[in-house]
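Below is the file start.cif, which contains mmCIF, N, CA and C atoms, pLDDT in the B column; chains and numbers go by the auth columns.
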```
data_coords
loop_
_atom_site.group_PDB
_atom_site.id
_atom_site.type_symbol
_atom_site.label_atom_id
_atom_site.label_comp_id
_atom_site.label_asym_id
_atom_site.label_seq_id
_atom_site.Cartn_x
_atom_site.Cartn_y
_atom_site.Cartn_z
_atom_site.B_iso_or_equiv
_atom_site.auth_seq_id
_atom_site.auth_asym_id
ATOM 1 N N MET A 1 43.217 147.050 38.437 52.00 1209 U
ATOM 2 C CA MET A 1 44.636 147.039 38.112 52.00 1209 U
ATOM 3 C C MET A 1 45.245 145.802 38.770 52.00 1209 U
ATOM 4 N N SER A 2 45.898 144.964 37.984 58.00 1210 U
ATOM 5 C CA SER A 2 46.506 143.758 38.537 58.00 1210 U
ATOM 6 C C SER A 2 47.783 144.107 39.297 58.00 1210 U
ATOM 7 N N GLU A 3 48.222 143.182 40.160 60.00 1211 U
ATOM 8 C CA GLU A 3 49.451 143.411 40.941 60.00 1211 U
ATOM 9 C C GLU A 3 50.637 143.629 40.017 60.00 1211 U
ATOM 10 N N LYS A 4 50.676 142.919 38.876 62.00 1212 U
ATOM 11 C CA LYS A 4 51.791 143.054 37.937 62.00 1212 U
ATOM 12 C C LYS A 4 51.848 144.459 37.343 62.00 1212 U
ATOM 13 N N GLU A 5 50.688 145.057 37.111 69.00 1213 U
ATOM 14 C CA GLU A 5 50.618 146.379 36.505 69.00 1213 U
ATOM 15 C C GLU A 5 50.784 147.506 37.520 69.00 1213 U
ATOM 16 N N LYS A 6 50.649 147.203 38.815 80.00 1214 U
ATOM 17 C CA LYS A 6 50.685 148.236 39.840 80.00 1214 U
ATOM 18 C C LYS A 6 52.101 148.792 40.005 80.00 1214 U
ATOM 19 N N ARG A 7 52.205 150.088 40.073 89.00 1215 U
ATOM 20 C CA ARG A 7 53.469 150.781 40.304 89.00 1215 U
ATOM 21 C C ARG A 7 53.251 151.749 41.454 89.00 1215 U
ATOM 22 N N GLY A 8 54.316 152.139 42.102 91.00 1216 U
ATOM 23 C CA GLY A 8 54.184 153.055 43.212 91.00 1216 U
ATOM 24 C C GLY A 8 55.353 154.007 43.317 91.00 1216 U
ATOM 25 N N MET A 9 55.121 155.061 44.060 92.00 1217 U
ATOM 26 C CA MET A 9 56.133 156.083 44.263 92.00 1217 U
ATOM 27 C C MET A 9 55.907 156.707 45.633 92.00 1217 U
ATOM 28 N N ILE A 10 56.988 156.872 46.366 95.00 1218 U
ATOM 29 C CA ILE A 10 56.923 157.620 47.613 95.00 1218 U
ATOM 30 C C ILE A 10 57.793 158.849 47.422 95.00 1218 U
ATOM 31 N N ILE A 11 57.176 160.016 47.548 95.00 1219 U
ATOM 32 C CA ILE A 11 57.912 161.278 47.426 95.00 1219 U
ATOM 33 C C ILE A 11 58.219 161.753 48.838 95.00 1219 U
ATOM 34 N N HIS A 12 59.485 161.865 49.173 97.00 1220 U
ATOM 35 C CA HIS A 12 59.927 162.335 50.486 97.00 1220 U
ATOM 36 C C HIS A 12 60.293 163.817 50.334 97.00 1220 U
ATOM 37 N N PHE A 13 59.563 164.669 51.031 97.00 1221 U
ATOM 38 C CA PHE A 13 59.767 166.108 50.910 97.00 1221 U
ATOM 39 C C PHE A 13 60.802 166.612 51.913 97.00 1221 U
ATOM 40 N N THR A 14 61.355 167.774 51.624 97.00 1222 U
ATOM 41 C CA THR A 14 62.397 168.350 52.477 97.00 1222 U
ATOM 42 C C THR A 14 61.870 168.732 53.860 97.00 1222 U
ATOM 43 N N ASP A 15 60.558 168.910 53.999 98.00 1223 U
ATOM 44 C CA ASP A 15 60.002 169.262 55.313 98.00 1223 U
ATOM 45 C C ASP A 15 59.705 168.033 56.174 98.00 1223 U
ATOM 46 N N GLY A 16 60.066 166.838 55.687 97.00 1224 U
ATOM 47 C CA GLY A 16 59.873 165.611 56.449 97.00 1224 U
ATOM 48 C C GLY A 16 58.588 164.863 56.133 97.00 1224 U
ATOM 49 N N THR A 17 57.688 165.451 55.369 98.00 1225 U
ATOM 50 C CA THR A 17 56.447 164.772 54.994 98.00 1225 U
ATOM 51 C C THR A 17 56.705 163.881 53.787 98.00 1225 U
ATOM 52 N N LYS A 18 55.751 163.012 53.507 97.00 1226 U
ATOM 53 C CA LYS A 18 55.870 162.174 52.321 97.00 1226 U
ATOM 54 C C LYS A 18 54.497 161.885 51.748 97.00 1226 U
ATOM 55 N N LYS A 19 54.465 161.568 50.479 95.00 1227 U
ATOM 56 C CA LYS A 19 53.238 161.217 49.778 95.00 1227 U
ATOM 57 C C LYS A 19 53.450 159.892 49.067 95.00 1227 U
ATOM 58 N N LEU A 20 52.502 158.979 49.212 96.00 1228 U
ATOM 59 C CA LEU A 20 52.543 157.693 48.546 96.00 1228 U
ATOM 60 C C LEU A 20 51.560 157.728 47.383 96.00 1228 U
ATOM 61 N N LEU A 21 52.026 157.359 46.207 93.00 1229 U
ATOM 62 C CA LEU A 21 51.166 157.325 45.026 93.00 1229 U
ATOM 63 C C LEU A 21 51.201 155.927 44.441 93.00 1229 U
ATOM 64 N N GLU A 22 50.066 155.455 43.953 94.00 1230 U
ATOM 65 C CA GLU A 22 49.992 154.214 43.196 94.00 1230 U
ATOM 66 C C GLU A 22 49.435 154.560 41.832 94.00 1230 U
ATOM 67 N N PHE A 23 49.946 153.881 40.811 89.00 1231 U
ATOM 68 C CA PHE A 23 49.526 154.187 39.455 89.00 1231 U
ATOM 69 C C PHE A 23 49.769 152.976 38.564 89.00 1231 U
ATOM 70 N N PRO A 24 49.080 152.916 37.414 87.00 1232 U
ATOM 71 C CA PRO A 24 49.317 151.808 36.485 87.00 1232 U
ATOM 72 C C PRO A 24 50.657 151.990 35.770 87.00 1232 U
ATOM 73 N N GLN A 25 51.138 150.911 35.195 83.00 1233 U
ATOM 74 C CA GLN A 25 52.387 150.954 34.437 83.00 1233 U
ATOM 75 C C GLN A 25 52.281 152.007 33.348 83.00 1233 U
ATOM 76 N N GLN A 26 53.303 152.860 33.231 79.00 1234 U
ATOM 77 C CA GLN A 26 53.278 153.974 32.288 79.00 1234 U
ATOM 78 C C GLN A 26 54.036 153.680 30.999 79.00 1234 U
ATOM 79 N N VAL A 27 55.064 152.836 31.082 72.00 1235 U
ATOM 80 C CA VAL A 27 55.903 152.516 29.934 72.00 1235 U
ATOM 81 C C VAL A 27 56.002 151.000 29.838 72.00 1235 U
ATOM 82 N N ALA A 28 55.859 150.461 28.642 72.00 1236 U
ATOM 83 C CA ALA A 28 55.959 149.015 28.452 72.00 1236 U
ATOM 84 C C ALA A 28 57.349 148.525 28.847 72.00 1236 U
ATOM 85 N N ASP A 29 57.414 147.319 29.413 64.00 1237 U
ATOM 86 C CA ASP A 29 58.682 146.748 29.851 64.00 1237 U
ATOM 87 C C ASP A 29 59.728 146.728 28.742 64.00 1237 U
ATOM 88 N N GLY A 30 59.314 146.483 27.528 63.00 1238 U
ATOM 89 C CA GLY A 30 60.259 146.387 26.414 63.00 1238 U
ATOM 90 C C GLY A 30 60.526 147.705 25.710 63.00 1238 U
ATOM 91 N N ASP A 31 60.021 148.815 26.222 63.00 1239 U
ATOM 92 C CA ASP A 31 60.171 150.121 25.569 63.00 1239 U
ATOM 93 C C ASP A 31 61.634 150.556 25.583 63.00 1239 U
ATOM 94 N N ALA A 32 62.228 150.652 24.405 65.00 1240 U
ATOM 95 C CA ALA A 32 63.634 151.037 24.284 65.00 1240 U
ATOM 96 C C ALA A 32 63.868 152.481 24.708 65.00 1240 U
ATOM 97 N N GLN A 33 62.832 153.295 24.752 73.00 1241 U
ATOM 98 C CA GLN A 33 62.948 154.700 25.115 73.00 1241 U
ATOM 99 C C GLN A 33 62.803 154.943 26.613 73.00 1241 U
ATOM 100 N N ALA A 34 62.569 153.904 27.404 69.00 1242 U
ATOM 101 C CA ALA A 34 62.273 154.070 28.830 69.00 1242 U
ATOM 102 C C ALA A 34 63.387 154.807 29.565 69.00 1242 U
ATOM 103 N N ALA A 35 64.639 154.438 29.340 73.00 1243 U
ATOM 104 C CA ALA A 35 65.754 155.082 30.041 73.00 1243 U
ATOM 105 C C ALA A 35 65.861 156.554 29.659 73.00 1243 U
ATOM 106 N N SER A 36 65.669 156.869 28.381 76.00 1244 U
ATOM 107 C CA SER A 36 65.767 158.272 27.968 76.00 1244 U
ATOM 108 C C SER A 36 64.587 159.086 28.497 76.00 1244 U
ATOM 109 N N LYS A 37 63.422 158.474 28.629 76.00 1245 U
ATOM 110 C CA LYS A 37 62.269 159.169 29.211 76.00 1245 U
ATOM 111 C C LYS A 37 62.517 159.475 30.682 76.00 1245 U
ATOM 112 N N LEU A 38 63.138 158.535 31.397 76.00 1246 U
ATOM 113 C CA LEU A 38 63.475 158.764 32.801 76.00 1246 U
ATOM 114 C C LEU A 38 64.495 159.897 32.922 76.00 1246 U
ATOM 115 N N LYS A 39 65.521 159.867 32.092 80.00 1247 U
ATOM 116 C CA LYS A 39 66.543 160.918 32.115 80.00 1247 U
ATOM 117 C C LYS A 39 65.910 162.279 31.816 80.00 1247 U
ATOM 118 N N GLU A 40 65.030 162.336 30.844 84.00 1248 U
ATOM 119 C CA GLU A 40 64.336 163.582 30.485 84.00 1248 U
ATOM 120 C C GLU A 40 63.497 164.103 31.657 84.00 1248 U
ATOM 121 N N ALA A 41 62.817 163.205 32.345 80.00 1249 U
ATOM 122 C CA ALA A 41 61.994 163.605 33.498 80.00 1249 U
ATOM 123 C C ALA A 41 62.870 164.190 34.605 80.00 1249 U
ATOM 124 N N LEU A 42 64.023 163.585 34.854 80.00 1250 U
ATOM 125 C CA LEU A 42 64.923 164.083 35.907 80.00 1250 U
ATOM 126 C C LEU A 42 65.521 165.439 35.533 80.00 1250 U
ATOM 127 N N GLU A 43 65.814 165.646 34.274 88.00 1251 U
ATOM 128 C CA GLU A 43 66.384 166.916 33.822 88.00 1251 U
ATOM 129 C C GLU A 43 65.370 168.057 33.873 88.00 1251 U
ATOM 130 N N ALA A 44 64.088 167.740 33.894 88.00 1252 U
ATOM 131 C CA ALA A 44 63.037 168.763 33.900 88.00 1252 U
ATOM 132 C C ALA A 44 63.007 169.543 35.215 88.00 1252 U
ATOM 133 N N ARG A 45 63.586 168.989 36.292 89.00 1253 U
ATOM 134 C CA ARG A 45 63.663 169.643 37.607 89.00 1253 U
ATOM 135 C C ARG A 45 62.311 169.809 38.296 89.00 1253 U
ATOM 136 N N HIS A 46 61.317 169.071 37.826 92.00 1254 U
ATOM 137 C CA HIS A 46 60.032 169.027 38.501 92.00 1254 U
ATOM 138 C C HIS A 46 59.324 167.728 38.125 92.00 1254 U
ATOM 139 N N LEU A 47 58.439 167.300 38.977 91.00 1255 U
ATOM 140 C CA LEU A 47 57.656 166.096 38.738 91.00 1255 U
ATOM 141 C C LEU A 47 56.243 166.542 38.397 91.00 1255 U
ATOM 142 N N VAL A 48 55.720 166.055 37.289 91.00 1256 U
ATOM 143 C CA VAL A 48 54.363 166.411 36.867 91.00 1256 U
ATOM 144 C C VAL A 48 53.538 165.133 36.842 91.00 1256 U
ATOM 145 N N LEU A 49 52.399 165.161 37.532 91.00 1257 U
ATOM 146 C CA LEU A 49 51.537 163.988 37.538 91.00 1257 U
ATOM 147 C C LEU A 49 50.086 164.396 37.652 91.00 1257 U
ATOM 148 N N GLU A 50 49.239 163.504 37.194 93.00 1258 U
ATOM 149 C CA GLU A 50 47.794 163.689 37.332 93.00 1258 U
ATOM 150 C C GLU A 50 47.340 162.711 38.391 93.00 1258 U
ATOM 151 N N ALA A 51 46.667 163.216 39.410 93.00 1259 U
ATOM 152 C CA ALA A 51 46.179 162.365 40.481 93.00 1259 U
ATOM 153 C C ALA A 51 44.800 162.829 40.911 93.00 1259 U
ATOM 154 N N GLU A 52 43.870 161.900 40.918 94.00 1260 U
ATOM 155 C CA GLU A 52 42.515 162.164 41.379 94.00 1260 U
ATOM 156 C C GLU A 52 41.888 163.387 40.713 94.00 1260 U
ATOM 157 N N GLY A 53 42.118 163.505 39.406 95.00 1261 U
ATOM 158 C CA GLY A 53 41.516 164.576 38.621 95.00 1261 U
ATOM 159 C C GLY A 53 42.225 165.910 38.677 95.00 1261 U
ATOM 160 N N ALA A 54 43.364 165.972 39.363 96.00 1262 U
ATOM 161 C CA ALA A 54 44.113 167.234 39.467 96.00 1262 U
ATOM 162 C C ALA A 54 45.500 167.068 38.862 96.00 1262 U
ATOM 163 N N LEU A 55 46.031 168.133 38.309 96.00 1263 U
ATOM 164 C CA LEU A 55 47.395 168.156 37.783 96.00 1263 U
ATOM 165 C C LEU A 55 48.300 168.709 38.875 96.00 1263 U
ATOM 166 N N LEU A 56 49.351 167.969 39.208 94.00 1264 U
ATOM 167 C CA LEU A 56 50.293 168.396 40.238 94.00 1264 U
ATOM 168 C C LEU A 56 51.661 168.626 39.609 94.00 1264 U
ATOM 169 N N VAL A 57 52.284 169.732 39.951 95.00 1265 U
ATOM 170 C CA VAL A 57 53.653 170.036 39.533 95.00 1265 U
ATOM 171 C C VAL A 57 54.453 170.217 40.815 95.00 1265 U
ATOM 172 N N ILE A 58 55.407 169.329 41.035 94.00 1266 U
ATOM 173 C CA ILE A 58 56.192 169.349 42.270 94.00 1266 U
ATOM 174 C C ILE A 58 57.627 169.688 41.930 94.00 1266 U
ATOM 175 N N PRO A 59 58.109 170.866 42.328 95.00 1267 U
ATOM 176 C CA PRO A 59 59.496 171.237 42.037 95.00 1267 U
ATOM 177 C C PRO A 59 60.463 170.359 42.831 95.00 1267 U
ATOM 178 N N PHE A 60 61.531 169.908 42.196 93.00 1268 U
ATOM 179 C CA PHE A 60 62.513 169.072 42.873 93.00 1268 U
ATOM 180 C C PHE A 60 63.167 169.792 44.047 93.00 1268 U
ATOM 181 N N GLU A 61 63.138 171.098 44.065 95.00 1269 U
ATOM 182 C CA GLU A 61 63.700 171.846 45.194 95.00 1269 U
ATOM 183 C C GLU A 61 62.978 171.526 46.503 95.00 1269 U
ATOM 184 N N ASN A 62 61.736 171.024 46.417 95.00 1270 U
ATOM 185 C CA ASN A 62 60.954 170.658 47.599 95.00 1270 U
ATOM 186 C C ASN A 62 61.056 169.176 47.934 95.00 1270 U
ATOM 187 N N VAL A 63 61.847 168.430 47.146 95.00 1271 U
ATOM 188 C CA VAL A 63 61.909 166.978 47.291 95.00 1271 U
ATOM 189 C C VAL A 63 63.289 166.557 47.797 95.00 1271 U
ATOM 190 N N LYS A 64 63.279 165.753 48.851 96.00 1272 U
ATOM 191 C CA LYS A 64 64.527 165.196 49.379 96.00 1272 U
ATOM 192 C C LYS A 64 64.955 164.016 48.502 96.00 1272 U
ATOM 193 N N TYR A 65 64.029 163.067 48.283 93.00 1273 U
ATOM 194 C CA TYR A 65 64.271 161.982 47.335 93.00 1273 U
ATOM 195 C C TYR A 65 62.951 161.334 46.950 93.00 1273 U
ATOM 196 N N ILE A 66 62.991 160.548 45.883 91.00 1274 U
ATOM 197 C CA ILE A 66 61.820 159.850 45.369 91.00 1274 U
ATOM 198 C C ILE A 66 62.153 158.367 45.298 91.00 1274 U
ATOM 199 N N GLN A 67 61.268 157.567 45.843 92.00 1275 U
ATOM 200 C CA GLN A 67 61.427 156.116 45.824 92.00 1275 U
ATOM 201 C C GLN A 67 60.375 155.567 44.871 92.00 1275 U
ATOM 202 N N VAL A 68 60.797 154.871 43.817 88.00 1276 U
ATOM 203 C CA VAL A 68 59.889 154.332 42.809 88.00 1276 U
ATOM 204 C C VAL A 68 60.006 152.812 42.823 88.00 1276 U
ATOM 205 N N TYR A 69 58.877 152.138 42.807 88.00 1277 U
ATOM 206 C CA TYR A 69 58.912 150.677 42.802 88.00 1277 U
ATOM 207 C C TYR A 69 57.833 150.103 41.895 88.00 1277 U
ATOM 208 N N PRO A 70 58.105 148.953 41.287 87.00 1278 U
ATOM 209 C CA PRO A 70 59.427 148.351 41.216 87.00 1278 U
ATOM 210 C C PRO A 70 60.349 149.207 40.363 87.00 1278 U
ATOM 211 N N ALA A 71 61.650 149.019 40.520 83.00 1279 U
ATOM 212 C CA ALA A 71 62.611 149.782 39.723 83.00 1279 U
ATOM 213 C C ALA A 71 62.380 149.471 38.243 83.00 1279 U
ATOM 214 N N PRO A 72 62.446 150.500 37.393 78.00 1280 U
ATOM 215 C CA PRO A 72 62.284 150.245 35.954 78.00 1280 U
ATOM 216 C C PRO A 72 63.349 149.281 35.451 78.00 1280 U
ATOM 217 N N LYS A 73 62.985 148.457 34.466 77.00 1281 U
ATOM 218 C CA LYS A 73 63.948 147.528 33.887 77.00 1281 U
ATOM 219 C C LYS A 73 65.028 148.272 33.104 77.00 1281 U
ATOM 220 N N LYS A 74 64.642 149.331 32.410 76.00 1282 U
ATOM 221 C CA LYS A 74 65.598 150.134 31.636 76.00 1282 U
ATOM 222 C C LYS A 74 65.948 151.366 32.452 76.00 1282 U
ATOM 223 N N LEU A 75 67.236 151.527 32.757 78.00 1283 U
ATOM 224 C CA LEU A 75 67.697 152.656 33.570 78.00 1283 U
ATOM 225 C C LEU A 75 68.780 153.413 32.814 78.00 1283 U
ATOM 226 N N PRO A 76 68.917 154.716 33.077 78.00 1284 U
ATOM 227 C CA PRO A 76 69.969 155.488 32.403 78.00 1284 U
ATOM 228 C C PRO A 76 71.358 154.988 32.797 78.00 1284 U
ATOM 229 N N ALA A 77 72.335 155.283 31.961 81.00 1285 U
ATOM 230 C CA ALA A 77 73.727 154.939 32.260 81.00 1285 U
ATOM 231 C C ALA A 77 74.141 155.615 33.564 81.00 1285 U
ATOM 232 N N GLY A 78 74.990 154.956 34.312 86.00 1286 U
ATOM 233 C CA GLY A 78 75.500 155.543 35.540 86.00 1286 U
ATOM 234 C C GLY A 78 74.721 155.191 36.787 86.00 1286 U
ATOM 235 N N VAL A 79 73.610 154.473 36.646 87.00 1287 U
ATOM 236 C CA VAL A 79 72.814 154.087 37.808 87.00 1287 U
ATOM 237 C C VAL A 79 73.511 152.937 38.523 87.00 1287 U
ATOM 238 N N ILE A 80 73.672 153.041 39.827 91.00 1288 U
ATOM 239 C CA ILE A 80 74.226 151.949 40.635 91.00 1288 U
ATOM 240 C C ILE A 80 73.112 150.932 40.826 91.00 1288 U
ATOM 241 N N ARG A 81 73.380 149.698 40.446 90.00 1289 U
ATOM 242 C CA ARG A 81 72.361 148.651 40.503 90.00 1289 U
ATOM 243 C C ARG A 81 72.646 147.667 41.639 90.00 1289 U
ATOM 244 N N GLY A 82 71.599 147.042 42.144 90.00 1290 U
ATOM 245 C CA GLY A 82 71.750 145.994 43.131 90.00 1290 U
ATOM 246 C C GLY A 82 72.165 146.474 44.520 90.00 1290 U
ATOM 247 N N ALA A 83 71.987 147.745 44.802 92.00 1291 U
ATOM 248 C CA ALA A 83 72.380 148.303 46.104 92.00 1291 U
ATOM 249 C C ALA A 83 71.405 147.863 47.186 92.00 1291 U
ATOM 250 N N SER A 84 71.853 147.892 48.430 92.00 1292 U
ATOM 251 C CA SER A 84 70.972 147.635 49.562 92.00 1292 U
ATOM 252 C C SER A 84 71.332 148.596 50.691 92.00 1292 U
ATOM 253 N N PHE A 85 70.325 148.920 51.499 89.00 1293 U
ATOM 254 C CA PHE A 85 70.531 149.849 52.602 89.00 1293 U
ATOM 255 C C PHE A 85 71.176 149.150 53.783 89.00 1293 U
ATOM 256 N N ARG A 86 72.083 149.821 54.431 93.00 1294 U
ATOM 257 C CA ARG A 86 72.718 149.342 55.662 93.00 1294 U
ATOM 258 C C ARG A 86 72.680 150.488 56.663 93.00 1294 U
ATOM 259 N N ASP A 87 71.751 150.408 57.594 83.00 1295 U
ATOM 260 C CA ASP A 87 71.619 151.489 58.590 83.00 1295 U
ATOM 261 C C ASP A 87 72.351 151.164 59.857 83.00 1295 U
#
```
I'd like the structure from this file rewritten - as structure tokens, please.
Amino acid sequence: MSEKEKRGMIIHFTDGTKKLLEFPQQVADGDAQAASKLKEALEARHLVLEAEGALLVIPFENVKYIQVYPAPKKLPAGVIRGASFRD
């Protein structure tokens, strides 16, 4: 998997633990449906993924937040863009 194709996600759980996942690009950069697919995934109230031969279903009730990188080019309406953390 090339660096350009590499994607990642850090799932921060409510108990303070976290999981780092790396995966290939799932949606083409020019896919007009990308924003609606993201919105649909968020409305499902759970994250479903296949990792290392197993199917994982993670209920959002157990998740504090999810960090996805790089940010998708197509985002749903209402997303605040260009933000930075100030601690």
Have a look at atom C of U:Ala1285 and atom N of U:Glu1230 and let me know their distance in Å, one decimal.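 Computing it gives 26.2 Å between the two atoms.
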Nearest residue to U:Ala1243 out of U:Ala1259, U:Leu1264, U:Ile1218, U:Pro1284, using only C-alpha atoms?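 Nearest candidate to U:Ala1243 out of U:Ala1259, U:Leu1264, U:Ile1218, U:Pro1284: U:Pro1284.
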Do you have the atom C of U:Leu1255-atom N of U:Pro1267 distance handy? 6.1 Å
Taking the file above as input, evaluate the PyMOL selection byres (((chain U and resi 1278 and name CA) around 10) and name CA) and report the hits as a PDB file with N, CA and C atoms, in the coordinates of the input.
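Saved as part32.pdb:
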```pdb
ATOM      1  N   LYS U1212      50.676 142.919  38.876  1.00 62.00           N
ATOM      2  CA  LYS U1212      51.791 143.054  37.937  1.00 62.00           C
ATOM      3  C   LYS U1212      51.848 144.459  37.343  1.00 62.00           C
ATOM      4  N   LYS U1214      50.649 147.203  38.815  1.00 80.00           N
ATOM      5  CA  LYS U1214      50.685 148.236  39.840  1.00 80.00           C
ATOM      6  C   LYS U1214      52.101 148.792  40.005  1.00 80.00           C
ATOM      7  N   ARG U1215      52.205 150.088  40.073  1.00 89.00           N
ATOM      8  CA  ARG U1215      53.469 150.781  40.304  1.00 89.00           C
ATOM      9  C   ARG U1215      53.251 151.749  41.454  1.00 89.00           C
ATOM     10  N   GLY U1216      54.316 152.139  42.102  1.00 91.00           N
ATOM     11  CA  GLY U1216      54.184 153.055  43.212  1.00 91.00           C
ATOM     12  C   GLY U1216      55.353 154.007  43.317  1.00 91.00           C
ATOM     13  N   MET U1217      55.121 155.061  44.060  1.00 92.00           N
ATOM     14  CA  MET U1217      56.133 156.083  44.263  1.00 92.00           C
ATOM     15  C   MET U1217      55.907 156.707  45.633  1.00 92.00           C
ATOM     16  N   GLN U1275      61.268 157.567  45.843  1.00 92.00           N
ATOM     17  CA  GLN U1275      61.427 156.116  45.824  1.00 92.00           C
ATOM     18  C   GLN U1275      60.375 155.567  44.871  1.00 92.00           C
ATOM     19  N   VAL U1276      60.797 154.871  43.817  1.00 88.00           N
ATOM     20  CA  VAL U1276      59.889 154.332  42.809  1.00 88.00           C
ATOM     21  C   VAL U1276      60.006 152.812  42.823  1.00 88.00           C
ATOM     22  N   TYR U1277      58.877 152.138  42.807  1.00 88.00           N
ATOM     23  CA  TYR U1277      58.912 150.677  42.802  1.00 88.00           C
ATOM     24  C   TYR U1277      57.833 150.103  41.895  1.00 88.00           C
ATOM     25  N   ALA U1279      61.650 149.019  40.520  1.00 83.00           N
ATOM     26  CA  ALA U1279      62.611 149.782  39.723  1.00 83.00           C
ATOM     27  C   ALA U1279      62.380 149.471  38.243  1.00 83.00           C
ATOM     28  N   PRO U1280      62.446 150.500  37.393  1.00 78.00           N
ATOM     29  CA  PRO U1280      62.284 150.245  35.954  1.00 78.00           C
ATOM     30  C   PRO U1280      63.349 149.281  35.451  1.00 78.00           C
ATOM     31  N   LYS U1281      62.985 148.457  34.466  1.00 77.00           N
ATOM     32  CA  LYS U1281      63.948 147.528  33.887  1.00 77.00           C
ATOM     33  C   LYS U1281      65.028 148.272  33.104  1.00 77.00           C
TER      34      LYS U1281
END
```
Using DSSP on the backbone, list every residue of stretch 1213-1295 of chain U that comes out as helix (DSSP H, G or I), and give them as a PDB file with N, CA and C atoms, in the coordinates of the input.
```pdb
ATOM      1  N   ALA U1242      62.569 153.904  27.404  1.00 69.00           N
ATOM      2  CA  ALA U1242      62.273 154.070  28.830  1.00 69.00           C
ATOM      3  C   ALA U1242      63.387 154.807  29.565  1.00 69.00           C
ATOM      4  N   ALA U1243      64.639 154.438  29.340  1.00 73.00           N
ATOM      5  CA  ALA U1243      65.754 155.082  30.041  1.00 73.00           C
ATOM      6  C   ALA U1243      65.861 156.554  29.659  1.00 73.00           C
ATOM      7  N   SER U1244      65.669 156.869  28.381  1.00 76.00           N
ATOM      8  CA  SER U1244      65.767 158.272  27.968  1.00 76.00           C
ATOM      9  C   SER U1244      64.587 159.086  28.497  1.00 76.00           C
ATOM     10  N   LYS U1245      63.422 158.474  28.629  1.00 76.00           N
ATOM     11  CA  LYS U1245      62.269 159.169  29.211  1.00 76.00           C
ATOM     12  C   LYS U1245      62.517 159.475  30.682  1.00 76.00           C
ATOM     13  N   LEU U1246      63.138 158.535  31.397  1.00 76.00           N
ATOM     14  CA  LEU U1246      63.475 158.764  32.801  1.00 76.00           C
ATOM     15  C   LEU U1246      64.495 159.897  32.922  1.00 76.00           C
ATOM     16  N   LYS U1247      65.521 159.867  32.092  1.00 80.00           N
ATOM     17  CA  LYS U1247      66.543 160.918  32.115  1.00 80.00           C
ATOM     18  C   LYS U1247      65.910 162.279  31.816  1.00 80.00           C
ATOM     19  N   GLU U1248      65.030 162.336  30.844  1.00 84.00           N
ATOM     20  CA  GLU U1248      64.336 163.582  30.485  1.00 84.00           C
ATOM     21  C   GLU U1248      63.497 164.103  31.657  1.00 84.00           C
ATOM     22  N   ALA U1249      62.817 163.205  32.345  1.00 80.00           N
ATOM     23  CA  ALA U1249      61.994 163.605  33.498  1.00 80.00           C
ATOM     24  C   ALA U1249      62.870 164.190  34.605  1.00 80.00           C
ATOM     25  N   LEU U1250      64.023 163.585  34.854  1.00 80.00           N
ATOM     26  CA  LEU U1250      64.923 164.083  35.907  1.00 80.00           C
ATOM     27  C   LEU U1250      65.521 165.439  35.533  1.00 80.00           C
ATOM     28  N   GLU U1251      65.814 165.646  34.274  1.00 88.00           N
ATOM     29  CA  GLU U1251      66.384 166.916  33.822  1.00 88.00           C
ATOM     30  C   GLU U1251      65.370 168.057  33.873  1.00 88.00           C
ATOM     31  N   PHE U1268      61.531 169.908  42.196  1.00 93.00           N
ATOM     32  CA  PHE U1268      62.513 169.072  42.873  1.00 93.00           C
ATOM     33  C   PHE U1268      63.167 169.792  44.047  1.00 93.00           C
ATOM     34  N   GLU U1269      63.138 171.098  44.065  1.00 95.00           N
ATOM     35  CA  GLU U1269      63.700 171.846  45.194  1.00 95.00           C
ATOM     36  C   GLU U1269      62.978 171.526  46.503  1.00 95.00           C
ATOM     37  N   ASN U1270      61.736 171.024  46.417  1.00 95.00           N
ATOM     38  CA  ASN U1270      60.954 170.658  47.599  1.00 95.00           C
ATOM     39  C   ASN U1270      61.056 169.176  47.934  1.00 95.00           C
TER      40      ASN U1270
END
```
Which one of U:Arg1253, U:Lys1272, U:Lys1245, U:Arg1289 sits closest to U:Thr1225 if you count only C-alpha atoms?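 When distances to U:Thr1225 are compared using only C-alpha atoms, the smallest one comes from U:Lys1272.
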Separation of atom CA of U:Ser1244 and atom N of U:Phe1293, in Å?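 Rounded to one decimal, the two atoms are 25.7 Å apart.
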Could you pull out the strand (DSSP E) residues of chain U from DSSP and send them as a VMD selection string? chain U and resid 1214 to 1221 1226 to 1232 1254 to 1259 1262 to 1267 1271 to 1277
